[in-house]
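**Student:** For reference, the structure I am asking about is given below.
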Amino acid sequence: MKIAAIVSTIEFQNRATIEAIAKKYGNIDVFVKINIKDIFKKKSKSEYVDIKYIYSIFPEKLRRRKLFESLESLYSKVIIAPRLRKYDTALLTNTHVAYLIPILRKKKIISLFVDPYSIMNNGSTAKDEILMATKSDYLLCTSKMLASDYCKKHLGIDVTGYYWPNTADLSRWDISLFKNMAIQSGDITAGYAGNMNEITIDIILIKEVVAHFPHVKFRFAGNINFKSEYEQLQFMDIFSYANVIYLGFVPYEKIQQEVASWDLCLMLDNIFELSQYVHHNKVYQYLALGKAVLGTKTHQDYEELHECVLESETIDRFIDNMNYAISIARLPIEVNKRILLAKENSADKRAERFIELISD
């Protein structure tokens, strides 16, 4: 079995799982699809997997037009298809590479849905999503609702996906690298990492929580990108509190050190339809560092993690859970429990399951 992972970003999605497959089985190569205008840009490298590059001629918006779609298709058949001939399986990680499906004849196709793309971009990717969902042997979906409801409700097709939750790269999120920070003394610290916007931040909730716990230090790392200026100002008002610090954007290679200094890790998604389909891989990263996790209850995905991930549907419940989390955050037995949960959801475990799945 020879697998071609066809991706569309320099730092490709699901890198940890792909590299874990390469390390253990040695049967996967990566093809990064970029536009030909970027041919001279810096190329990504990996110690474990061979990374090759394929190019598209036209920007994606232009390629959707009939004439340019035909030209791109012809180019793909003549130039790209021969490079993929020796592979019997293709893994497609997002909609940007869906247009290559017609050249993947006689190959087993596995497609990955990591987000409810159509909801997020007003349906502009629906055609690509339908192509991926209907032409794949397996449709892997990172949330339960993506797998069970999304295709029928938002794409109008009767396709059920296979639940494929996110994972933690334990080579980066390894508590042994931060042992001196695993159980802190002094003030309790709660942190949030990631983009902050109307999807990921419940403004009313976080204001109540910050005010309710003046003795807790709150640290926020990431970009602030609310579409509404009013909402952005409402959110940024919390940075006037003495117990709140905004760190700005922290690069991925440095965020582990920052999270390692926290006691509690927060996931503050607004509870509405879109958030039902979003499954955060950071939940496993936090657990891997032994951290207690508090989140809003947007779906059923984390039920298997309920002992270590405390979810809330109301502000009062969130505050109660946070009081409890503070009381157990530093207990060694609880820290070890979280680490074990992360190991069960590691990239290595997911790589084993992937090979089992496509070998079935």
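Chain labels follow the order of the structure tokens: the first chain is A, the next B, and so on; residue numbering restarts at 1 in every chain, and ligands are counted from 1 in their shown order.
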Within 8 Å of Tyr246 in chain A, counting only C-alpha atoms, which residues show up once you throw out same-chain ones fewer than 5 positions away? Write them as an NGL selection string, please.
**Tutor:** :A and (219-221 or 239)
**Student:** Can you list, as a list in words, every protein, DNA or RNA residue that comes within 7 Å of Thr189 in chain A when you count only C-alpha atoms, leaving out same-chain residues fewer than 6 positions away?
**Tutor:** Val216, Lys217, Phe218, Trp262, Asp263 and Leu264 of chain A
**Student:** Store the residues picked out above in a file with all heavy atoms, as a tab-separated table (two decimals), in the first residue's frame.
**Tutor:**
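Once everything was written out, this is result-v9.tsv:
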```tsv
chain	number	residue	atom	x	y	z
A	216	VAL	N	-7.30	34.84	40.29
A	216	VAL	CA	-6.73	34.01	39.23
A	216	VAL	C	-6.13	34.90	38.15
A	216	VAL	O	-6.72	35.89	37.75
A	216	VAL	CB	-7.82	33.10	38.60
A	216	VAL	CG1	-7.28	32.34	37.39
A	216	VAL	CG2	-8.36	32.12	39.64
A	217	LYS	N	-4.94	34.53	37.68
A	217	LYS	CA	-4.32	35.25	36.57
A	217	LYS	C	-4.82	34.68	35.25
A	217	LYS	O	-4.77	33.46	35.05
A	217	LYS	CB	-2.79	35.12	36.63
A	217	LYS	CG	-2.15	35.80	37.84
A	217	LYS	CD	-0.64	35.60	37.81
A	217	LYS	CE	0.02	36.28	39.00
A	217	LYS	NZ	1.50	36.04	39.00
A	218	PHE	N	-5.29	35.53	34.36
A	218	PHE	CA	-5.78	35.10	33.04
A	218	PHE	C	-4.80	35.59	31.97
A	218	PHE	O	-4.46	36.77	31.92
A	218	PHE	CB	-7.17	35.67	32.77
A	218	PHE	CG	-8.25	35.07	33.63
A	218	PHE	CD1	-8.50	35.60	34.90
A	218	PHE	CD2	-9.00	33.99	33.19
A	218	PHE	CE1	-9.50	35.05	35.70
A	218	PHE	CE2	-10.00	33.44	33.98
A	218	PHE	CZ	-10.24	33.97	35.25
A	262	TRP	N	0.50	27.29	32.73
A	262	TRP	CA	-0.88	27.48	33.17
A	262	TRP	C	-1.35	26.31	34.04
A	262	TRP	O	-0.81	25.20	33.97
A	262	TRP	CB	-1.82	27.58	31.96
A	262	TRP	CG	-1.50	28.68	30.99
A	262	TRP	CD1	-0.65	29.72	31.17
A	262	TRP	CD2	-2.04	28.83	29.67
A	262	TRP	NE1	-0.61	30.52	30.05
A	262	TRP	CE2	-1.46	30.00	29.11
A	262	TRP	CE3	-2.95	28.10	28.91
A	262	TRP	CZ2	-1.76	30.44	27.83
A	262	TRP	CZ3	-3.25	28.53	27.64
A	262	TRP	CH2	-2.67	29.70	27.10
A	263	ASP	N	-2.36	26.58	34.83
A	263	ASP	CA	-3.03	25.52	35.59
A	263	ASP	C	-4.32	25.08	34.90
A	263	ASP	O	-4.64	23.89	34.89
A	263	ASP	CB	-3.39	26.02	37.00
A	263	ASP	CG	-2.17	26.38	37.82
A	263	ASP	OD1	-1.45	25.45	38.22
A	263	ASP	OD2	-1.93	27.58	38.05
A	264	LEU	N	-5.05	26.04	34.36
A	264	LEU	CA	-6.33	25.77	33.70
A	264	LEU	C	-6.26	26.27	32.26
A	264	LEU	O	-5.73	27.35	31.99
A	264	LEU	CB	-7.47	26.51	34.41
A	264	LEU	CG	-7.53	26.43	35.94
A	264	LEU	CD1	-8.66	27.29	36.46
A	264	LEU	CD2	-7.71	24.99	36.39
```
**Student:** Rounded to one decimal in Å, what is the spacing between CA of Leu92 in chain A and CA of Arg350 in chain A?
**Tutor:**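 Answer for the CA of Leu92 in chain A to CA of Arg350 in chain A separation: 16.2 Å.
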**Student:** For His96 in chain A, list every protein, DNA or RNA residue within 10 Å, evaluated using only C-alpha atoms, and leave out those in the same chain fewer than 4 positions away; present the list as a list in words.
**Tutor:**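 Here the qualifying residues turn out to be Ile6, Val7, Ser8, Thr9, Lys33, Ile34, Glu60, Leu92, Leu100, Thr125, Asp128 and Glu129 of chain A.
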**Student:** Give me the residues within 12 Å of Arg85 in chain A as a PyMOL selection string, counting only C-alpha atoms and dropping any in the same chain fewer than 2 places off.
**Tutor:** chain A and resi 2-4+77-83+87-90+103-107
**Student:** For the selection you just gave me, I'd like the residues written to a file as a compact mmCIF listing (two decimals), in the first residue's frame, keeping all heavy atoms.
**Tutor:**
```txt
# COMPACT_ATOMS: atom_id res chain seq x y z
N LYS A 2 0.63 2.14 -0.94
CA LYS A 2 1.40 3.37 -1.06
C LYS A 2 0.43 4.54 -1.05
O LYS A 2 -0.48 4.61 -1.88
CB LYS A 2 2.22 3.35 -2.36
CG LYS A 2 3.28 4.43 -2.44
CD LYS A 2 4.42 4.21 -1.46
CE LYS A 2 5.52 5.26 -1.67
NZ LYS A 2 6.51 5.22 -0.59
N ILE A 3 0.63 5.47 -0.11
CA ILE A 3 -0.33 6.54 0.12
C ILE A 3 0.26 7.89 -0.29
O ILE A 3 1.41 8.22 0.05
CB ILE A 3 -0.72 6.62 1.61
CG1 ILE A 3 -1.18 5.26 2.13
CG2 ILE A 3 -1.79 7.68 1.84
CD1 ILE A 3 -1.19 5.15 3.64
N ALA A 4 -0.52 8.67 -1.02
CA ALA A 4 -0.17 10.05 -1.33
C ALA A 4 -1.09 10.97 -0.52
O ALA A 4 -2.30 10.95 -0.71
CB ALA A 4 -0.33 10.33 -2.82
N LYS A 77 -4.19 16.49 -15.62
CA LYS A 77 -4.12 15.15 -16.23
C LYS A 77 -2.74 14.90 -16.84
O LYS A 77 -2.18 13.80 -16.74
CB LYS A 77 -5.19 15.01 -17.31
CG LYS A 77 -6.60 14.86 -16.77
CD LYS A 77 -7.60 14.79 -17.91
CE LYS A 77 -9.03 14.73 -17.40
NZ LYS A 77 -10.01 14.75 -18.51
N VAL A 78 -2.20 15.91 -17.49
CA VAL A 78 -0.94 15.74 -18.22
C VAL A 78 0.28 15.80 -17.30
O VAL A 78 1.21 15.01 -17.44
CB VAL A 78 -0.82 16.82 -19.33
CG1 VAL A 78 0.55 16.76 -20.01
CG2 VAL A 78 -1.93 16.64 -20.35
N ILE A 79 0.28 16.71 -16.34
CA ILE A 79 1.46 16.98 -15.52
C ILE A 79 1.42 16.31 -14.15
O ILE A 79 2.42 15.73 -13.70
CB ILE A 79 1.67 18.50 -15.35
CG1 ILE A 79 1.78 19.18 -16.72
CG2 ILE A 79 2.90 18.79 -14.50
CD1 ILE A 79 2.95 18.72 -17.57
N ILE A 80 0.27 16.38 -13.47
CA ILE A 80 0.20 15.90 -12.09
C ILE A 80 -0.12 14.41 -12.00
O ILE A 80 0.50 13.68 -11.22
CB ILE A 80 -0.82 16.72 -11.28
CG1 ILE A 80 -0.40 18.20 -11.24
CG2 ILE A 80 -0.95 16.17 -9.86
CD1 ILE A 80 -1.39 19.10 -10.53
N ALA A 81 -1.07 13.95 -12.79
CA ALA A 81 -1.50 12.54 -12.72
C ALA A 81 -0.34 11.55 -12.83
O ALA A 81 -0.30 10.57 -12.05
CB ALA A 81 -2.56 12.27 -13.78
N PRO A 82 0.61 11.74 -13.76
CA PRO A 82 1.71 10.77 -13.84
C PRO A 82 2.55 10.69 -12.55
O PRO A 82 3.08 9.61 -12.23
CB PRO A 82 2.55 11.31 -15.00
CG PRO A 82 1.58 12.08 -15.84
CD PRO A 82 0.65 12.71 -14.86
N ARG A 83 2.64 11.77 -11.82
CA ARG A 83 3.42 11.77 -10.58
C ARG A 83 2.72 10.98 -9.47
O ARG A 83 3.37 10.57 -8.50
CB ARG A 83 3.67 13.21 -10.12
CG ARG A 83 4.49 14.03 -11.11
CD ARG A 83 4.79 15.40 -10.56
NE ARG A 83 5.60 15.32 -9.34
CZ ARG A 83 5.86 16.36 -8.55
NH1 ARG A 83 5.36 17.54 -8.84
NH2 ARG A 83 6.60 16.21 -7.46
N TYR A 87 0.84 5.44 -6.63
CA TYR A 87 0.13 5.39 -5.36
C TYR A 87 -1.24 4.75 -5.55
O TYR A 87 -1.94 5.04 -6.53
CB TYR A 87 -0.03 6.80 -4.78
CG TYR A 87 1.30 7.49 -4.55
CD1 TYR A 87 1.88 8.29 -5.53
CD2 TYR A 87 1.98 7.31 -3.35
CE1 TYR A 87 3.10 8.91 -5.33
CE2 TYR A 87 3.21 7.92 -3.14
CZ TYR A 87 3.77 8.71 -4.13
OH TYR A 87 4.98 9.31 -3.92
N ASP A 88 -1.63 3.88 -4.61
CA ASP A 88 -2.94 3.25 -4.72
C ASP A 88 -3.98 3.91 -3.82
O ASP A 88 -5.17 3.62 -3.90
CB ASP A 88 -2.87 1.75 -4.42
CG ASP A 88 -2.15 1.47 -3.12
OD1 ASP A 88 -2.55 2.01 -2.08
OD2 ASP A 88 -1.17 0.71 -3.15
N THR A 89 -3.53 4.81 -2.92
CA THR A 89 -4.42 5.48 -1.98
C THR A 89 -4.08 6.96 -1.95
O THR A 89 -2.90 7.34 -1.93
CB THR A 89 -4.28 4.89 -0.57
OG1 THR A 89 -4.56 3.48 -0.62
CG2 THR A 89 -5.22 5.55 0.41
N ALA A 90 -5.12 7.81 -1.91
CA ALA A 90 -4.92 9.25 -1.82
C ALA A 90 -5.68 9.79 -0.61
O ALA A 90 -6.85 9.49 -0.41
CB ALA A 90 -5.41 9.95 -3.08
N ILE A 103 -8.56 13.00 -11.41
CA ILE A 103 -7.33 12.35 -11.91
C ILE A 103 -6.89 11.21 -11.00
O ILE A 103 -5.87 10.58 -11.26
CB ILE A 103 -6.18 13.36 -12.10
CG1 ILE A 103 -5.65 13.86 -10.75
CG2 ILE A 103 -6.60 14.50 -13.01
CD1 ILE A 103 -4.36 14.63 -10.85
N LEU A 104 -7.65 10.95 -9.95
CA LEU A 104 -7.28 9.90 -8.99
C LEU A 104 -8.01 8.59 -9.28
O LEU A 104 -8.42 7.87 -8.38
CB LEU A 104 -7.57 10.37 -7.55
CG LEU A 104 -6.87 11.65 -7.12
CD1 LEU A 104 -7.32 12.06 -5.72
CD2 LEU A 104 -5.35 11.49 -7.17
N ARG A 105 -8.18 8.29 -10.54
CA ARG A 105 -8.90 7.08 -10.95
C ARG A 105 -8.19 5.82 -10.45
O ARG A 105 -6.97 5.75 -10.41
CB ARG A 105 -9.01 7.03 -12.46
CG ARG A 105 -9.86 8.16 -13.05
CD ARG A 105 -9.90 8.07 -14.56
NE ARG A 105 -10.48 6.82 -15.00
CZ ARG A 105 -10.21 6.26 -16.18
NH1 ARG A 105 -9.37 6.84 -17.02
NH2 ARG A 105 -10.78 5.11 -16.52
N LYS A 106 -9.01 4.84 -10.05
CA LYS A 106 -8.54 3.54 -9.59
C LYS A 106 -7.74 3.62 -8.29
O LYS A 106 -6.99 2.70 -7.96
CB LYS A 106 -7.71 2.84 -10.67
CG LYS A 106 -8.50 2.57 -11.94
CD LYS A 106 -7.65 1.83 -12.97
CE LYS A 106 -8.45 1.56 -14.24
NZ LYS A 106 -7.66 0.86 -15.27
N LYS A 107 -7.89 4.71 -7.56
CA LYS A 107 -7.24 4.84 -6.26
C LYS A 107 -8.30 4.87 -5.16
O LYS A 107 -9.41 5.35 -5.38
CB LYS A 107 -6.41 6.14 -6.19
CG LYS A 107 -5.30 6.24 -7.22
CD LYS A 107 -4.47 7.48 -6.99
CE LYS A 107 -3.53 7.74 -8.17
NZ LYS A 107 -2.68 6.62 -8.52
```
**Student:** Find the residue from A:Lys291, A:Asp360, A:Tyr75, A:Ser70 that sits nearest to Ile333 in chain A; use only C-alpha atoms when measuring.
**Tutor:**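 With only C-alpha atoms as the atom set, the closest residue is A:Lys291.
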**Student:** Extract the full set of helix (DSSP H, G or I) residues from range 127-307 of chain A according to DSSP on the backbone, and format it as a PyMOL selection string.
**Tutor:** chain A and resi 127-135+144-155+175-181+203-212+229-240+252-259+273-276+282-288+303-305
**Student:** Excluding range 112-122 of chain A and residues on its chain fewer than 5 positions from it, collect all residues at most 8 Å away from it, counting only C-alpha atoms, and give them as a compact mmCIF listing (two decimals) with N, CA and C atoms, in the first residue's frame.
**Tutor:**
```txt
# COMPACT_ATOMS: atom_id res chain seq x y z
N LEU A 91 -4.98 10.57 0.21
CA LEU A 91 -5.57 11.24 1.35
C LEU A 91 -5.66 12.73 1.04
N LEU A 92 -6.89 13.27 1.00
CA LEU A 92 -7.11 14.69 0.70
C LEU A 92 -7.50 15.41 1.99
N THR A 93 -6.73 16.43 2.36
CA THR A 93 -6.93 17.02 3.68
C THR A 93 -7.85 18.23 3.71
N ASN A 94 -8.22 18.80 2.55
CA ASN A 94 -9.15 19.92 2.56
C ASN A 94 -9.72 20.18 1.16
N LEU A 139 -14.94 9.12 4.23
CA LEU A 139 -14.97 10.54 4.57
C LEU A 139 -14.71 10.64 6.07
N LEU A 140 -13.54 11.14 6.43
CA LEU A 140 -13.16 11.28 7.82
C LEU A 140 -13.55 12.67 8.32
N CYS A 141 -14.25 12.73 9.44
CA CYS A 141 -14.75 14.01 9.96
C CYS A 141 -14.28 14.20 11.40
N THR A 142 -13.74 15.36 11.69
CA THR A 142 -13.13 15.57 13.00
C THR A 142 -14.12 15.83 14.12
N SER A 143 -15.39 15.96 13.80
CA SER A 143 -16.40 16.06 14.86
C SER A 143 -17.56 15.11 14.57
N LEU A 146 -20.16 16.71 12.29
CA LEU A 146 -19.69 16.75 10.90
C LEU A 146 -19.95 15.40 10.24
N TYR A 150 -23.86 16.95 9.02
CA TYR A 150 -23.46 18.09 8.18
C TYR A 150 -23.78 17.91 6.70
N HIS A 154 -26.42 20.54 5.23
CA HIS A 154 -25.83 21.72 4.59
C HIS A 154 -25.38 21.49 3.14
N LEU A 274 -22.71 26.64 14.33
CA LEU A 274 -21.39 26.40 13.77
C LEU A 274 -20.47 25.66 14.75
N TYR A 277 -19.97 21.80 15.08
CA TYR A 277 -19.17 21.03 14.13
C TYR A 277 -17.66 21.21 14.34
N VAL A 278 -17.27 21.96 15.35
CA VAL A 278 -15.85 22.28 15.54
C VAL A 278 -15.28 21.49 16.70
N HIS A 279 -14.26 20.72 16.41
CA HIS A 279 -13.59 19.88 17.41
C HIS A 279 -12.14 20.38 17.53
```
**Student:** Hey, what's within 9 Å of Met322 in chain A if we count only C-alpha atoms and toss same-chain stuff fewer than 6 positions away? As a ChimeraX atom specification, please?
**Tutor:** /A:209,264,294,310
**Student:** Could you name the residues that touch Ser171 in chain A at 10 Å or less, counting only C-alpha atoms, but leaving out those on the same chain fewer than 2 positions away, as a list in words?
**Tutor:**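 Listed by chain and then number, they are Ala16, Ala168, Asp169, Trp173, Asp174, Ile175, Leu177, Ser346 and Ala347 of chain A.
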